[in-house]
Amino acid sequence: MNVYKKAVPAAIAAAALAALTAAPASAAPAAATAVTVKIELKHTSTFKESGGVYFTCPTNEVLTGRSHSGDENGYTTYYCSSIIINDQPIQSVVLGLWSDRQKESSSFYPAPNDQALVGRWHSGDENGYTKYLAGMFFWQGKQVRFSSPNWSGALKESGHSWRAGAGQVMVGRQHSGDENGYTRYQYATVTIVD
């Protein structure tokens with residue numbers, strides 16, 4: 001058992017939460033009212049699928065979609081968005097630990113609870129490998145939660161475009177086979193728990 005792998009994320013998360021909870025003295029206490037959540041597309045980035053690029057969304061952004069056309073020599077586009085709660089952008093703490101690599105032709109990755117996808121690496125064809133990076137997000141010192149996870153329908157990898165719905169972000173991905181195989185995305189709704 002690798003204790004370091006488990007201890008480092010916990011320490012980073014604790015330090016980040018402590019830093020984010022330090023509010024200015026003039027800050028008013030949070031009212032017990034409903035929050036409004038908006039997801040705004042900020043960046044799209046396109047790469048050759050087989051290129052071995054460690055892609056991560058810009059700071060404080062989360063993956064909300066992906067499209068792909070062709071085989072491993074085709075191109076993948078990632079959609080990165082910011083989460084805005086009551087007109088204030090959230091802050092993220094990326095744990096910095098990529099998932100274990102998985103063979104793309106049988107890959108399955110759901111992010112840990114209350115984390116969302118912020119990056120992906122892939123090299124080669126369907127016999128190549130894929131890894132994912134998940135992050136934690138905070139708003140006014142409270143951890144953003146991702147509730148009601150669900151999976152999309154099966155989409156043919158060689159020609160699809162998928163985006164999460166309103167108020168939702170990407171929290172997982174599954175792929176089976178080659179470019180003629182199918183990809184599914186896991187998505188969840190952004191919530192705040194007091």
# chains A, B, ... in the order shown; residues from 1 in each chain; ligands from 1

$ closest_atom_pairs --of "region 69-144 of chain A" --to "region 49-65 of chain A" --cutoff "12 Å" --atoms "only C-alpha atoms" --output "Markdown table"
| residue | atom | partner | partner_atom | distance |
| --- | --- | --- | --- | --- |
| A:Ser69 | CA | A:Glu49 | CA | 9.2 |
| A:Gly70 | CA | A:Glu49 | CA | 9.2 |
| A:Asp71 | CA | A:Glu49 | CA | 8.0 |
| A:Glu72 | CA | A:Ser50 | CA | 5.1 |
| A:Asn73 | CA | A:Ser50 | CA | 6.2 |
| A:Gly74 | CA | A:Glu49 | CA | 6.1 |
| A:Tyr75 | CA | A:Glu49 | CA | 5.3 |
| A:Thr76 | CA | A:Glu49 | CA | 5.5 |
| A:Thr77 | CA | A:Gly65 | CA | 8.3 |
| A:Tyr78 | CA | A:Gly65 | CA | 6.0 |
| A:Tyr79 | CA | A:Gly65 | CA | 4.9 |
| A:Cys80 | CA | A:Leu63 | CA | 4.6 |
| A:Ser81 | CA | A:Glu61 | CA | 5.2 |
| A:Ser82 | CA | A:Glu61 | CA | 4.6 |
| A:Ile83 | CA | A:Glu61 | CA | 7.2 |
| A:Ile84 | CA | A:Glu61 | CA | 10.2 |
| A:Gln88 | CA | A:Asn60 | CA | 11.8 |
| A:Pro89 | CA | A:Asn60 | CA | 8.1 |
| A:Ile90 | CA | A:Asn60 | CA | 6.6 |
| A:Gln91 | CA | A:Asn60 | CA | 5.1 |
| A:Ser92 | CA | A:Asn60 | CA | 4.8 |
| A:Val93 | CA | A:Asn60 | CA | 7.9 |
| A:Val94 | CA | A:Thr59 | CA | 8.6 |
| A:Gly96 | CA | A:Thr56 | CA | 10.5 |
| A:Trp98 | CA | A:Tyr54 | CA | 9.8 |
| A:Glu104 | CA | A:Ser50 | CA | 10.8 |
| A:Ala111 | CA | A:Leu63 | CA | 11.9 |
| A:Gln115 | CA | A:Val62 | CA | 9.9 |
| A:Ala116 | CA | A:Val62 | CA | 6.8 |
| A:Leu117 | CA | A:Leu63 | CA | 5.6 |
| A:Val118 | CA | A:Val62 | CA | 4.9 |
| A:Gly119 | CA | A:Thr56 | CA | 4.1 |
| A:Arg120 | CA | A:Phe55 | CA | 5.5 |
| A:Trp121 | CA | A:Tyr54 | CA | 4.6 |
| A:His122 | CA | A:Gly52 | CA | 5.2 |
| A:Ser123 | CA | A:Gly52 | CA | 4.1 |
| A:Gly124 | CA | A:Ser50 | CA | 4.4 |
| A:Asp125 | CA | A:Ser50 | CA | 6.1 |
| A:Glu126 | CA | A:Ser50 | CA | 9.2 |
| A:Asn127 | CA | A:Ser50 | CA | 10.6 |
| A:Gly128 | CA | A:Ser50 | CA | 8.2 |
| A:Tyr129 | CA | A:Gly52 | CA | 9.1 |
| A:Thr130 | CA | A:Gly52 | CA | 9.0 |
| A:Lys131 | CA | A:Tyr54 | CA | 8.9 |
| A:Tyr132 | CA | A:Tyr54 | CA | 9.2 |
| A:Leu133 | CA | A:Thr56 | CA | 7.7 |
| A:Ala134 | CA | A:Val62 | CA | 8.8 |
| A:Gly135 | CA | A:Val62 | CA | 8.1 |
| A:Met136 | CA | A:Asn60 | CA | 9.7 |
| A:Phe137 | CA | A:Asn60 | CA | 7.8 |
| A:Phe138 | CA | A:Asn60 | CA | 9.5 |
| A:Trp139 | CA | A:Asn60 | CA | 10.9 |

$ select_by_dssp --residues "chain A" --states "strand (DSSP E)" --output "MDAnalysis selection string"
chainID A and resid 37:48 51:56 62:69 75:85 88:89 91:94 102:103 106:110 116:123 129:139 142:151 155:156 159:163 168:176 182:192

$ residues_around --residues "region 151-165 of chain A" --least-positions-apart "4" --cutoff "7 Å" --atoms "only C-alpha atoms" --output "list in words"
Thr64, Gly65, Arg66, Ser67, His68, Ser69, Gly70, Asp71, Val169, Met170, Glu179, Asn180, Gly181, Tyr182, Thr183, Arg184, Tyr185, Gln186 and Tyr187 of chain A

$ write_last_selection --atoms "all heavy atoms" --output "compact mmCIF listing (two decimals), in the first residue's frame"
# COMPACT_ATOMS: atom_id res chain seq x y z
N THR A 64 -16.20 19.80 -19.39
CA THR A 64 -17.64 19.70 -19.54
C THR A 64 -18.02 19.05 -20.87
O THR A 64 -19.20 18.91 -21.18
CB THR A 64 -18.32 21.08 -19.45
OG1 THR A 64 -17.68 21.97 -20.37
CG2 THR A 64 -18.24 21.63 -18.04
N GLY A 65 -17.03 18.63 -21.65
CA GLY A 65 -17.35 17.96 -22.90
C GLY A 65 -16.12 17.49 -23.64
O GLY A 65 -14.98 17.86 -23.30
N ARG A 66 -16.36 16.65 -24.65
CA ARG A 66 -15.29 16.12 -25.49
C ARG A 66 -15.90 15.72 -26.82
O ARG A 66 -17.04 15.25 -26.87
CB ARG A 66 -14.64 14.90 -24.83
CG ARG A 66 -13.55 14.24 -25.68
CD ARG A 66 -12.95 13.02 -24.96
NE ARG A 66 -12.02 12.32 -25.83
CZ ARG A 66 -12.35 11.29 -26.62
NH1 ARG A 66 -13.59 10.83 -26.64
NH2 ARG A 66 -11.44 10.72 -27.39
N SER A 67 -15.15 15.92 -27.88
CA SER A 67 -15.56 15.41 -29.18
C SER A 67 -14.36 14.75 -29.83
O SER A 67 -13.20 15.06 -29.51
CB SER A 67 -16.11 16.53 -30.07
OG SER A 67 -15.13 17.50 -30.33
N HIS A 68 -14.63 13.81 -30.74
CA HIS A 68 -13.55 13.12 -31.44
C HIS A 68 -14.02 12.74 -32.83
O HIS A 68 -15.19 12.38 -33.03
CB HIS A 68 -13.08 11.87 -30.71
CG HIS A 68 -11.99 11.16 -31.44
ND1 HIS A 68 -10.71 11.66 -31.50
CD2 HIS A 68 -11.99 10.02 -32.17
CE1 HIS A 68 -9.97 10.85 -32.24
NE2 HIS A 68 -10.73 9.85 -32.66
N SER A 69 -13.10 12.82 -33.79
CA SER A 69 -13.41 12.45 -35.16
C SER A 69 -12.28 11.60 -35.71
O SER A 69 -11.10 11.95 -35.59
CB SER A 69 -13.57 13.72 -36.00
OG SER A 69 -13.85 13.39 -37.34
N GLY A 70 -12.62 10.44 -36.30
CA GLY A 70 -11.63 9.58 -36.92
C GLY A 70 -11.05 8.55 -35.98
O GLY A 70 -11.60 8.26 -34.92
N ASP A 71 -9.91 7.99 -36.39
CA ASP A 71 -9.22 7.01 -35.55
C ASP A 71 -8.21 7.72 -34.67
O ASP A 71 -8.35 8.91 -34.39
CB ASP A 71 -8.58 5.92 -36.43
CG ASP A 71 -7.50 6.46 -37.37
OD1 ASP A 71 -7.13 7.66 -37.26
OD2 ASP A 71 -7.01 5.68 -38.20
N VAL A 169 -21.17 18.78 -14.96
CA VAL A 169 -19.77 18.68 -15.38
C VAL A 169 -19.43 17.21 -15.61
O VAL A 169 -20.16 16.31 -15.20
CB VAL A 169 -18.81 19.29 -14.34
CG1 VAL A 169 -19.08 20.78 -14.14
CG2 VAL A 169 -18.90 18.54 -13.01
N MET A 170 -18.30 16.95 -16.27
CA MET A 170 -17.87 15.59 -16.55
C MET A 170 -17.14 15.02 -15.33
O MET A 170 -16.22 15.64 -14.81
CB MET A 170 -16.92 15.58 -17.76
CG MET A 170 -16.57 14.18 -18.26
SD MET A 170 -15.28 14.15 -19.56
CE MET A 170 -15.95 15.20 -20.82
N GLU A 179 -11.73 2.76 -32.69
CA GLU A 179 -12.51 3.95 -33.05
C GLU A 179 -13.93 3.62 -33.47
O GLU A 179 -14.80 4.50 -33.50
CB GLU A 179 -11.81 4.76 -34.15
CG GLU A 179 -11.76 4.08 -35.51
CD GLU A 179 -10.56 3.16 -35.68
OE1 GLU A 179 -9.83 2.90 -34.70
OE2 GLU A 179 -10.34 2.70 -36.81
N ASN A 180 -14.20 2.36 -33.80
CA ASN A 180 -15.57 1.96 -34.11
C ASN A 180 -16.32 1.49 -32.88
O ASN A 180 -17.50 1.14 -32.94
CB ASN A 180 -15.56 0.86 -35.17
CG ASN A 180 -14.98 1.37 -36.48
OD1 ASN A 180 -15.43 2.38 -36.98
ND2 ASN A 180 -13.98 0.70 -37.00
N GLY A 181 -15.62 1.47 -31.75
CA GLY A 181 -16.25 1.12 -30.48
C GLY A 181 -16.98 2.32 -29.91
O GLY A 181 -17.13 3.37 -30.56
N TYR A 182 -17.39 2.18 -28.66
CA TYR A 182 -18.25 3.20 -28.07
C TYR A 182 -17.64 3.84 -26.83
O TYR A 182 -16.92 3.21 -26.07
CB TYR A 182 -19.62 2.58 -27.75
CG TYR A 182 -20.36 2.26 -29.02
CD1 TYR A 182 -20.26 1.00 -29.61
CD2 TYR A 182 -21.11 3.24 -29.67
CE1 TYR A 182 -20.91 0.71 -30.80
CE2 TYR A 182 -21.76 2.96 -30.86
CZ TYR A 182 -21.65 1.70 -31.43
OH TYR A 182 -22.28 1.43 -32.61
N THR A 183 -18.00 5.11 -26.66
CA THR A 183 -17.58 5.91 -25.52
C THR A 183 -18.83 6.38 -24.79
O THR A 183 -19.83 6.73 -25.41
CB THR A 183 -16.76 7.13 -26.00
OG1 THR A 183 -15.55 6.66 -26.60
CG2 THR A 183 -16.42 8.06 -24.86
N ARG A 184 -18.76 6.37 -23.46
CA ARG A 184 -19.81 6.94 -22.63
C ARG A 184 -19.16 7.92 -21.66
O ARG A 184 -18.01 7.75 -21.27
CB ARG A 184 -20.55 5.86 -21.83
CG ARG A 184 -21.30 4.89 -22.70
CD ARG A 184 -22.21 3.95 -21.90
NE ARG A 184 -21.55 3.41 -20.71
CZ ARG A 184 -22.18 3.16 -19.56
NH1 ARG A 184 -23.46 3.43 -19.40
NH2 ARG A 184 -21.52 2.63 -18.54
N TYR A 185 -19.91 8.93 -21.26
CA TYR A 185 -19.41 9.94 -20.32
C TYR A 185 -20.28 9.94 -19.07
O TYR A 185 -21.51 9.84 -19.16
CB TYR A 185 -19.43 11.33 -20.96
CG TYR A 185 -18.53 11.42 -22.16
CD1 TYR A 185 -19.02 11.27 -23.44
CD2 TYR A 185 -17.16 11.63 -22.00
CE1 TYR A 185 -18.19 11.32 -24.54
CE2 TYR A 185 -16.31 11.68 -23.09
CZ TYR A 185 -16.83 11.54 -24.36
OH TYR A 185 -16.02 11.59 -25.45
N GLN A 186 -19.62 10.09 -17.93
CA GLN A 186 -20.36 10.24 -16.68
C GLN A 186 -20.41 11.72 -16.36
O GLN A 186 -19.39 12.42 -16.47
CB GLN A 186 -19.69 9.46 -15.55
CG GLN A 186 -20.54 9.42 -14.29
CD GLN A 186 -19.89 8.62 -13.18
OE1 GLN A 186 -18.69 8.68 -12.98
NE2 GLN A 186 -20.70 7.89 -12.43
N TYR A 187 -21.57 12.19 -15.98
CA TYR A 187 -21.74 13.60 -15.65
C TYR A 187 -22.50 13.70 -14.33
O TYR A 187 -23.18 12.76 -13.90
CB TYR A 187 -22.51 14.32 -16.77
CG TYR A 187 -23.84 13.70 -17.09
CD1 TYR A 187 -25.01 14.14 -16.47
CD2 TYR A 187 -23.94 12.65 -18.01
CE1 TYR A 187 -26.23 13.55 -16.76
CE2 TYR A 187 -25.16 12.06 -18.31
CZ TYR A 187 -26.30 12.52 -17.68
OH TYR A 187 -27.51 11.93 -17.96

$ closest_residue --among "A:Phe108, A:Asp87, A:His175, A:Val37" --to "Thr189 (chain A)" --atoms "only C-alpha atoms"
A:Val37

$ atom_distance --atom1 "CA of Pro112 (chain A)" --atom2 "CA of Lys142 (chain A)"
17.5 Å

$ closest_residue --among "A:Ala34, A:Ile192, A:Ile39, A:Leu95" --to "Gln168 (chain A)" --atoms "only C-alpha atoms"
A:Ile39

$ closest_residue --among "A:Asp178, A:Val190, A:Asn86, A:Lys42" --to "Ala166 (chain A)" --atoms "only C-alpha atoms"
A:Val190

$ residues_around --residues "Ser106 (chain A)" --least-positions-apart "3" --cutoff "8 Å" --atoms "only C-alpha atoms" --output "mmCIF file with C-alpha atoms, in the first residue's frame"
data_model
loop_
_atom_site.group_PDB
_atom_site.id
_atom_site.type_symbol
_atom_site.label_atom_id
_atom_site.label_comp_id
_atom_site.auth_asym_id
_atom_site.auth_seq_id
_atom_site.Cartn_x
_atom_site.Cartn_y
_atom_site.Cartn_z
ATOM 1 C CA GLN A 102 -5.543 1.913 -18.517
ATOM 2 C CA LYS A 103 -5.619 0.306 -21.936
ATOM 3 C CA GLN A 174 -15.616 4.788 -20.417
ATOM 4 C CA HIS A 175 -14.442 3.454 -23.790
ATOM 5 C CA SER A 176 -14.625 0.011 -25.343
ATOM 6 C CA GLY A 177 -12.971 -1.186 -28.556
#

$ atom_distance --atom1 "CA of Leu41 (chain A)" --atom2 "CA of Thr191 (chain A)"
18.2 Å

$ atom_distance --atom1 "CA of Ala188 (chain A)" --atom2 "CA of Val144 (chain A)"
11.6 Å

$ select_by_dssp --residues "region 6-178 of chain A" --states "helix (DSSP H, G or I)" --output "PyMOL selection string"
chain A and resi 6-21

$ residues_around --residues "Pro110 (chain A)" --least-positions-apart "3" --cutoff "7 Å" --atoms "only C-alpha atoms" --output "list of chain:residue names"
A:Val171, A:Gly172, A:Arg173
